[in-house]
Amino acid sequence: MNLKYILFAFFCVFTSFTLVAQNNAYQTVEDSDPAATKLLTKLKDKYEGFSNMKMDFSLEIEIPEEDMIIQKGKIFQEGDKFYMDFEQQSVISNGEKVWIHLKNNNEVQIHSAEALADEENFMSPQNLLKLYESDAFVFAISDEMIRDGKTVALIECKPIDTDSEFSKLRLTVDTKNLDMVSVKAFSKDGSRYTFLNDKLASNIDIPSDKFEFDASVFPDIYVEDMTDY
């Protein structure tokens, strides 16, 4: 599974975007729906108010002419530190280094968090802020409905950059509890990636070593140190 789609999940949780309606006339952040911007700001403020958080999530991957793939994972986040775990890969950061653990290959790549934050396809807390501040998206509420007993708003997010790999994102928000229910990314190649918030806990005890990778736990692991690249 491509790393950038794993990290897309992290992007979905911790960023608030500036979304665009599907109408082609919407081309700048100023065209955003004020109601969508207000709702997203409230959601962002709530999540940023947590001292830390843990989320159990599901990632549904739909690729044309292939069976759907469903991956389960967990995210722990505290400031600029995070731990994200999937069945095949985990991504860990202590704020200075990022370890990408490829479990099936018994391999770990070590990166500088600062350098990796500049990579276009790496969604870390640092470049999430850059995305938010860059006015990369425009937002509009496309619908409101009752789903599983909750009132939710569907917010359509379209990249201002026409060269973006995604044609749009669709964020579903519980408007009463201000919870992110799901984010669906629509790739231009017909693929779909849906991130689902299964369970969220905040302001919890997280061991400090959760944000460190201990290579000694994995016998004969191949370590590729890329911090000087």
# chains A, B, ... in the order shown; residues from 1 in each chain; ligands from 1
>>> residues_around(residues="stretch 101-118 of chain A", least_positions_apart="3", cutoff="6 Å", atoms="only C-alpha atoms", output="MDAnalysis selection string")
chainID A and resid 88:90 96:98 124 126:127 221:227
>>> write_last_selection(atoms="N, CA and C atoms", output="CSV table (one decimal), in the first residue's frame")
chain,number,residue,atom,x,y,z
A,88,GLN,N,0.4,-3.6,8.1
A,88,GLN,CA,1.7,-3.8,7.3
A,88,GLN,C,2.7,-2.8,7.6
A,89,GLN,N,2.3,-1.6,8.1
A,89,GLN,CA,3.3,-0.5,8.3
A,89,GLN,C,2.9,0.3,9.5
A,90,SER,N,3.9,0.9,10.1
A,90,SER,CA,3.7,1.9,11.1
A,90,SER,C,4.6,3.1,10.9
A,96,GLU,N,11.3,15.0,16.1
A,96,GLU,CA,12.6,15.2,15.5
A,96,GLU,C,12.9,14.2,14.4
A,97,LYS,N,12.6,13.0,14.7
A,97,LYS,CA,12.8,11.9,13.7
A,97,LYS,C,11.5,11.2,13.3
A,98,VAL,N,11.4,10.6,12.2
A,98,VAL,CA,10.3,9.8,11.7
A,98,VAL,C,10.8,8.5,11.3
A,124,SER,N,2.6,15.4,7.6
A,124,SER,CA,3.0,15.5,9.0
A,124,SER,C,2.3,16.8,9.6
A,126,GLN,N,3.5,19.4,10.7
A,126,GLN,CA,4.1,20.6,10.2
A,126,GLN,C,3.6,21.1,8.8
A,127,ASN,N,3.5,20.1,7.9
A,127,ASN,CA,3.0,20.6,6.6
A,127,ASN,C,1.5,20.6,6.5
A,221,ILE,N,16.5,-6.7,11.8
A,221,ILE,CA,15.8,-5.6,11.0
A,221,ILE,C,16.8,-4.8,10.2
A,222,TYR,N,16.4,-4.5,8.9
A,222,TYR,CA,17.3,-3.6,8.1
A,222,TYR,C,17.0,-2.2,8.4
A,223,VAL,N,18.0,-1.4,8.8
A,223,VAL,CA,17.8,0.0,9.1
A,223,VAL,C,18.4,0.8,8.1
A,224,GLU,N,17.6,1.7,7.5
A,224,GLU,CA,18.0,2.7,6.5
A,224,GLU,C,17.9,4.1,7.0
A,225,ASP,N,19.1,4.6,7.4
A,225,ASP,CA,19.1,6.0,8.0
A,225,ASP,C,19.2,7.0,6.9
A,226,MET,N,18.1,7.8,6.7
A,226,MET,CA,18.1,8.8,5.7
A,226,MET,C,18.1,10.2,6.3
A,227,THR,N,18.5,10.3,7.5
A,227,THR,CA,18.4,11.6,8.2
A,227,THR,C,19.4,12.6,7.6
>>> residues_around(residues="stretch 180-197 of chain A", least_positions_apart="6", cutoff="6 Å", atoms="only C-alpha atoms", output="ChimeraX atom specification")
/A:57-63,166-173
>>> closest_residue(among="A:Val138, A:Met84, A:Val217, A:Ile146", to="A:Leu40", atoms="only C-alpha atoms")
A:Val138
>>> residues_around(residues="A:Lys38", least_positions_apart="2", cutoff="12 Å", atoms="only C-alpha atoms", output="PyMOL selection string")
chain A and resi 16-19+32-36+40-45+139-141+155+175+178
>>> write_last_selection(atoms="C-alpha atoms", output="PDB file, in the first residue's frame")
ATOM      1  CA  SER A  16      -8.872  21.666   8.608  1.00  0.00           C
ATOM      2  CA  PHE A  17      -9.014  22.543   4.934  1.00  0.00           C
ATOM      3  CA  THR A  18     -10.431  25.388   2.906  1.00  0.00           C
ATOM      4  CA  LEU A  19     -12.929  23.586   0.691  1.00  0.00           C
ATOM      5  CA  SER A  32     -15.795  29.093   0.292  1.00  0.00           C
ATOM      6  CA  ASP A  33     -19.190  28.639   1.889  1.00  0.00           C
ATOM      7  CA  PRO A  34     -19.076  30.640   5.178  1.00  0.00           C
ATOM      8  CA  ALA A  35     -21.156  27.972   6.934  1.00  0.00           C
ATOM      9  CA  ALA A  36     -18.627  25.289   5.943  1.00  0.00           C
ATOM     10  CA  LEU A  40     -14.540  23.411  10.098  1.00  0.00           C
ATOM     11  CA  THR A  41     -13.052  26.073  12.353  1.00  0.00           C
ATOM     12  CA  LYS A  42     -15.074  24.729  15.289  1.00  0.00           C
ATOM     13  CA  LEU A  43     -13.938  21.188  14.498  1.00  0.00           C
ATOM     14  CA  LYS A  44     -10.309  22.260  14.204  1.00  0.00           C
ATOM     15  CA  ASP A  45     -10.484  24.253  17.464  1.00  0.00           C
ATOM     16  CA  PHE A 139     -15.139  24.363   1.154  1.00  0.00           C
ATOM     17  CA  ALA A 140     -18.907  24.106   0.692  1.00  0.00           C
ATOM     18  CA  ILE A 141     -21.643  22.198   2.537  1.00  0.00           C
ATOM     19  CA  ILE A 155     -18.582  19.226   3.210  1.00  0.00           C
ATOM     20  CA  THR A 175     -22.671  18.878  13.700  1.00  0.00           C
ATOM     21  CA  LEU A 178     -18.331  18.359  16.434  1.00  0.00           C
TER      22      LEU A 178
END
>>> atom_distance(atom1="atom CA of A:Phe76", atom2="atom CA of A:Leu200")
10.1 Å
>>> atom_distance(atom1="atom CA of A:Gly73", atom2="atom CA of A:Asn52")
17.2 Å
>>> residues_around(residues="A:Glu212", least_positions_apart="3", cutoff="7 Å", atoms="only C-alpha atoms", output="PyMOL selection string")
chain A and resi 92-94+209
>>> select_by_dssp(residues="stretch 40-208 of chain A", states="strand (DSSP E or B)", output="MDAnalysis selection string")
chainID A and resid 53:62 69:78 81:85 89:93 97:102 107:112 137:147 150:159 166:174 179:187 192:202
>>> atom_distance(atom1="atom CA of A:Lys74", atom2="atom CA of A:Asp198")
9.7 Å
